[in-house]
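As structure tokens, the structure follows; a few thoughts come after it.
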Amino acid sequence: PVGPSNKSLIVRILKHKIEIDATAAGSEREVVINGVPQRLSVEQRAYVYDKEFKQVVAYINKKTSHRYLVTLPQVGLRVRYDGYSTFTELSQIWQDKVCGVFGDFDNDFIYEYRGPKQCALIDGPEMAKSYAVPDGSCSAPRPSQNKLCETEDHRSHSSGISHNTGCSHKKTMKVTQQGKLCLSKYPVKVCNPGCSADEERQEDVPFTCMDQEDPRAYRVMRELSANRPIYDLSDRSTAFRKQISVPERCSP
């Protein structure tokens, strides 16, 4: 903290450390990269170059006098900071692959607030409580019991949350066309076995294609055979688009 309500920002990537202090705007301590102070003007950009990987691993943009944008291109992460708050934005390659205080990023508004034990909580403050860790001098706040927890074998719940859960998943759609393996560029929602769609909508889904002899096709087929969705196809060219029926909600 640098004041009663202002906070500095620290971003670490590999062996590098980026420190930004919005209250020091215009001074040499405004941006410090690996211990070296930087003074930025509005719309000016600094960068962090990693000698081992031989590439830029971070960009720091000063958008206004007190607003900054840190971009980690290889990670697919952007952090906006104004001295009071931060906004973290992930690339689509991380969709449905993360967990924690920032949510699961699965594009589904049901059960957004999950604790470290994958319990669905009623709101953001309750989720934040579930991640609190006591430091010895004080006890951590406890979330209410109004939650739903899932395990691989069963689901148990108490009153207060009535949404369906465990009835849908994301799936990469596959089509074979002219001897090529064609896949949806992002996974789409499908109902689990034993569940059915309450409502459906038509979604215009882009597909990308690759030769079945392509080494990448082998990896893709291995992922599909394990029923794992594939998220890193968005940067490939679109071969065609196809209308897919996608469930709005799934229920037993």
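Residues are referred to by chain and number: the chain letter is A, B, ... according to the order shown in the structure tokens, the number counts from 1 in that chain, and ligands are numbered separately from 1 in the order shown.
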
Requested in this report: as a VMD selection string, list the residues of region 5-248 of chain A assigned to strand (DSSP E) by DSSP on the backbone atoms of this structure.
Outcome: chain A and resid 9 to 13 16 to 20 31 to 33 36 to 38 45 to 50 55 to 64 67 to 72 77 to 81 86 to 90 119 to 120 148 to 150 155 to 157 168 to 171 174 to 177 180 to 184 188 to 191 196 to 211 240 to 248

**Report entry** Å distance separating CA of Arg80 (chain A) from CA of Cys99 (chain A), one decimal place
**Finding:**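 CA of Cys99 (chain A) lies at a distance of 20.0 Å from CA of Arg80 (chain A).
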
Query - Within 9 Å of Val188 (chain A) using only C-alpha atoms, minus same-chain residues under 6 positions, as a PyMOL selection string - result: chain A and resi 169-173+205+229+244+246

**Report entry** Pro141 (chain A) surroundings by only C-alpha atoms, 9 Å radius, close-in-sequence under 5 positions cut, as number ranges by chain
**Finding:** A: 129-130, 132-134

Give me a file of those residues, with N, CA, C and O atoms, as a PDB file, in the first residue's frame.
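After the write, again20.pdb holds the following:
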ATOM      1  N   LYS A 129     -14.044 -15.186   0.947  1.00  0.00           N
ATOM      2  CA  LYS A 129     -13.846 -15.746   2.287  1.00  0.00           C
ATOM      3  C   LYS A 129     -13.241 -17.145   2.214  1.00  0.00           C
ATOM      4  O   LYS A 129     -12.409 -17.507   3.037  1.00  0.00           O
ATOM      5  N   SER A 130     -13.667 -17.930   1.220  1.00  0.00           N
ATOM      6  CA  SER A 130     -13.208 -19.322   1.137  1.00  0.00           C
ATOM      7  C   SER A 130     -11.715 -19.416   0.821  1.00  0.00           C
ATOM      8  O   SER A 130     -11.090 -20.447   1.076  1.00  0.00           O
ATOM      9  N   ALA A 132      -9.479 -17.135   2.030  1.00  0.00           N
ATOM     10  CA  ALA A 132      -8.727 -16.462   3.085  1.00  0.00           C
ATOM     11  C   ALA A 132      -7.907 -17.484   3.869  1.00  0.00           C
ATOM     12  O   ALA A 132      -8.360 -18.587   4.154  1.00  0.00           O
ATOM     13  N   VAL A 133      -6.674 -17.110   4.202  1.00  0.00           N
ATOM     14  CA  VAL A 133      -5.757 -17.992   4.932  1.00  0.00           C
ATOM     15  C   VAL A 133      -5.352 -17.310   6.232  1.00  0.00           C
ATOM     16  O   VAL A 133      -4.859 -16.172   6.205  1.00  0.00           O
ATOM     17  N   PRO A 134      -5.532 -17.954   7.391  1.00  0.00           N
ATOM     18  CA  PRO A 134      -5.117 -17.330   8.653  1.00  0.00           C
ATOM     19  C   PRO A 134      -3.600 -17.198   8.719  1.00  0.00           C
ATOM     20  O   PRO A 134      -2.869 -18.044   8.196  1.00  0.00           O
TER      21      PRO A 134
END

Requested in this report: With a distance cut-off of 8 Å and only C-alpha atoms, select the neighbouring residues of Val31 (chain A), excluding the residue or stretch itself and same-chain residues fewer than 5 positions from it, and output the selection as a PyMOL selection string.
Outcome: chain A and resi 18-21+37-40

Among region 22-242 of chain A, which residues carry a DSSP assignment of alpha helix (DSSP H), reported as a compact mmCIF listing (two decimals) with all heavy atoms, in the first residue's frame?
# COMPACT_ATOMS: atom_id res chain seq x y z
N GLY A 124 -19.70 -13.27 -4.68
CA GLY A 124 -18.28 -12.99 -4.66
C GLY A 124 -17.67 -12.87 -3.28
O GLY A 124 -16.62 -13.46 -3.01
N PRO A 125 -18.30 -12.12 -2.35
CA PRO A 125 -17.73 -12.03 -0.99
C PRO A 125 -17.59 -13.39 -0.31
O PRO A 125 -16.60 -13.64 0.39
CB PRO A 125 -18.73 -11.13 -0.26
CG PRO A 125 -19.29 -10.26 -1.33
CD PRO A 125 -19.40 -11.15 -2.53
N GLU A 126 -18.58 -14.27 -0.53
CA GLU A 126 -18.49 -15.61 0.07
C GLU A 126 -17.32 -16.39 -0.55
O GLU A 126 -16.62 -17.12 0.15
CB GLU A 126 -19.80 -16.37 -0.14
CG GLU A 126 -20.95 -15.85 0.70
CD GLU A 126 -20.71 -16.06 2.19
OE1 GLU A 126 -20.49 -17.21 2.61
OE2 GLU A 126 -20.70 -15.06 2.93
N MET A 127 -17.10 -16.23 -1.86
CA MET A 127 -15.99 -16.92 -2.51
C MET A 127 -14.66 -16.39 -1.97
O MET A 127 -13.73 -17.15 -1.71
CB MET A 127 -16.05 -16.74 -4.03
CG MET A 127 -14.94 -17.48 -4.77
SD MET A 127 -15.00 -17.32 -6.57
CE MET A 127 -14.50 -15.62 -6.77
N ALA A 128 -14.56 -15.06 -1.80
CA ALA A 128 -13.33 -14.48 -1.27
C ALA A 128 -13.02 -15.02 0.12
O ALA A 128 -11.86 -15.30 0.45
CB ALA A 128 -13.45 -12.96 -1.25
N LYS A 129 -14.04 -15.19 0.95
CA LYS A 129 -13.85 -15.75 2.29
C LYS A 129 -13.24 -17.15 2.21
O LYS A 129 -12.41 -17.51 3.04
CB LYS A 129 -15.18 -15.81 3.04
CG LYS A 129 -15.75 -14.48 3.46
CD LYS A 129 -17.08 -14.69 4.17
CE LYS A 129 -17.77 -13.38 4.50
NZ LYS A 129 -19.08 -13.61 5.16
N SER A 130 -13.67 -17.93 1.22
CA SER A 130 -13.21 -19.32 1.14
C SER A 130 -11.72 -19.42 0.82
O SER A 130 -11.09 -20.45 1.08
CB SER A 130 -14.02 -20.09 0.09
OG SER A 130 -13.68 -19.68 -1.23
N PRO A 215 1.45 -33.73 -37.97
CA PRO A 215 1.82 -34.14 -36.60
C PRO A 215 0.89 -33.55 -35.54
O PRO A 215 0.63 -34.19 -34.52
CB PRO A 215 3.25 -33.59 -36.44
CG PRO A 215 3.77 -33.50 -37.84
CD PRO A 215 2.59 -33.15 -38.69
N ARG A 216 0.37 -32.36 -35.81
CA ARG A 216 -0.54 -31.76 -34.84
C ARG A 216 -1.85 -32.53 -34.76
O ARG A 216 -2.50 -32.56 -33.72
CB ARG A 216 -0.81 -30.30 -35.21
CG ARG A 216 -1.49 -29.51 -34.11
CD ARG A 216 -1.62 -28.06 -34.47
NE ARG A 216 -2.14 -27.28 -33.36
CZ ARG A 216 -2.41 -25.99 -33.41
NH1 ARG A 216 -2.18 -25.33 -34.54
NH2 ARG A 216 -2.87 -25.35 -32.36
N ALA A 217 -2.25 -33.15 -35.87
CA ALA A 217 -3.49 -33.91 -35.88
C ALA A 217 -3.42 -35.09 -34.92
O ALA A 217 -4.42 -35.46 -34.30
CB ALA A 217 -3.80 -34.39 -37.30
N TYR A 218 -2.23 -35.68 -34.79
CA TYR A 218 -2.07 -36.80 -33.86
C TYR A 218 -2.33 -36.35 -32.43
O TYR A 218 -3.04 -37.00 -31.66
CB TYR A 218 -0.67 -37.39 -33.97
CG TYR A 218 -0.36 -38.44 -32.93
CD1 TYR A 218 -0.86 -39.73 -33.03
CD2 TYR A 218 0.43 -38.11 -31.82
CE1 TYR A 218 -0.58 -40.68 -32.06
CE2 TYR A 218 0.71 -39.05 -30.84
CZ TYR A 218 0.20 -40.34 -30.97
OH TYR A 218 0.48 -41.27 -30.00
N ARG A 219 -1.78 -35.18 -32.06
CA ARG A 219 -2.01 -34.66 -30.71
C ARG A 219 -3.49 -34.34 -30.49
O ARG A 219 -4.06 -34.65 -29.44
CB ARG A 219 -1.18 -33.41 -30.48
CG ARG A 219 -1.36 -32.82 -29.09
CD ARG A 219 -0.69 -31.46 -28.97
NE ARG A 219 -1.34 -30.45 -29.77
CZ ARG A 219 -2.44 -29.79 -29.37
NH1 ARG A 219 -2.99 -30.06 -28.22
NH2 ARG A 219 -2.96 -28.87 -30.15
N VAL A 220 -4.10 -33.76 -31.51
CA VAL A 220 -5.51 -33.39 -31.41
C VAL A 220 -6.37 -34.64 -31.20
O VAL A 220 -7.26 -34.67 -30.33
CB VAL A 220 -5.95 -32.63 -32.66
CG1 VAL A 220 -7.46 -32.54 -32.75
CG2 VAL A 220 -5.33 -31.24 -32.69
N MET A 221 -6.12 -35.69 -31.98
CA MET A 221 -6.91 -36.91 -31.85
C MET A 221 -6.72 -37.55 -30.48
O MET A 221 -7.66 -38.13 -29.92
CB MET A 221 -6.53 -37.89 -32.96
CG MET A 221 -6.93 -37.46 -34.35
SD MET A 221 -8.72 -37.19 -34.50
CE MET A 221 -9.32 -38.85 -34.18
N ARG A 222 -5.52 -37.43 -29.94
CA ARG A 222 -5.27 -37.98 -28.61
C ARG A 222 -6.09 -37.22 -27.56
O ARG A 222 -6.65 -37.83 -26.64
CB ARG A 222 -3.79 -37.90 -28.28
CG ARG A 222 -3.39 -38.58 -26.97
CD ARG A 222 -1.89 -38.59 -26.83
NE ARG A 222 -1.35 -37.23 -26.87
CZ ARG A 222 -0.05 -36.95 -26.92
NH1 ARG A 222 0.84 -37.92 -26.97
NH2 ARG A 222 0.36 -35.70 -26.93
N GLU A 223 -6.16 -35.90 -27.71
CA GLU A 223 -6.96 -35.11 -26.78
C GLU A 223 -8.44 -35.45 -26.91
O GLU A 223 -9.14 -35.59 -25.90
CB GLU A 223 -6.75 -33.61 -27.05
CG GLU A 223 -5.34 -33.11 -26.77
CD GLU A 223 -5.03 -33.08 -25.30
OE1 GLU A 223 -5.81 -32.48 -24.54
OE2 GLU A 223 -4.01 -33.68 -24.90
N LEU A 224 -8.90 -35.60 -28.14
CA LEU A 224 -10.32 -35.91 -28.36
C LEU A 224 -10.68 -37.29 -27.82
O LEU A 224 -11.76 -37.48 -27.25
CB LEU A 224 -10.66 -35.83 -29.85
CG LEU A 224 -10.59 -34.44 -30.50
CD1 LEU A 224 -10.88 -34.54 -31.98
CD2 LEU A 224 -11.57 -33.48 -29.82
N SER A 225 -9.78 -38.26 -27.99
CA SER A 225 -10.07 -39.61 -27.50
C SER A 225 -10.15 -39.64 -25.98
O SER A 225 -10.80 -40.52 -25.40
CB SER A 225 -8.99 -40.59 -27.98
OG SER A 225 -7.72 -40.26 -27.45

Query - Surrounding residues of Thr208 (chain A) excluding itself and chain neighbours under 2 positions, 12 Å, only C-alpha atoms, as a list in words - result: Thr172, Met173, Lys174, Val175, Thr176, Gln177, Lys180, Leu181, Cys182, Leu183, Ser184, Lys185, Tyr186, Val205, Pro206, Met210, Asp211, Ala217, Asp232, Leu233, Ser234, Asp235, Arg236, Ser237, Thr238, Ala239, Phe240, Arg241 and Lys242 of chain A

Query - Residues within 9 Å of Leu77 (chain A), only C-alpha atoms, excluding chain neighbours under 5 positions, as a PyMOL selection string - result: chain A and resi 70-72+88-91

Query raised in the report: For Lys62 (chain A), which of A:Leu9, A:Ala25, A:Ile93, A:Ile33 is the closest residue, counting only C-alpha atoms?
Result: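 Ranked by minimum distance to Lys62 (chain A), first place goes to A:Ala25.
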
Requested in this report: Identify which of the residues A:Ser168, A:Gln202, A:Ser137, A:Gln92 lies closest to Ile230 (chain A), counting only C-alpha atoms when measuring atom-to-atom distances.
Outcome: A:Gln92

Query raised in the report: Counting only C-alpha atoms, which of A:Asn61, A:Gln44, A:Ser8, A:Ser245 gets nearest to Glu200 (chain A)?
Result: A:Ser245

Report task. Rounded to one decimal place, report the CA of Tyr81 (chain A)-CA of Gly100 (chain A) distance in Å. Result ->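 Between CA of Tyr81 (chain A) and CA of Gly100 (chain A) the gap works out to 20.1 Å.
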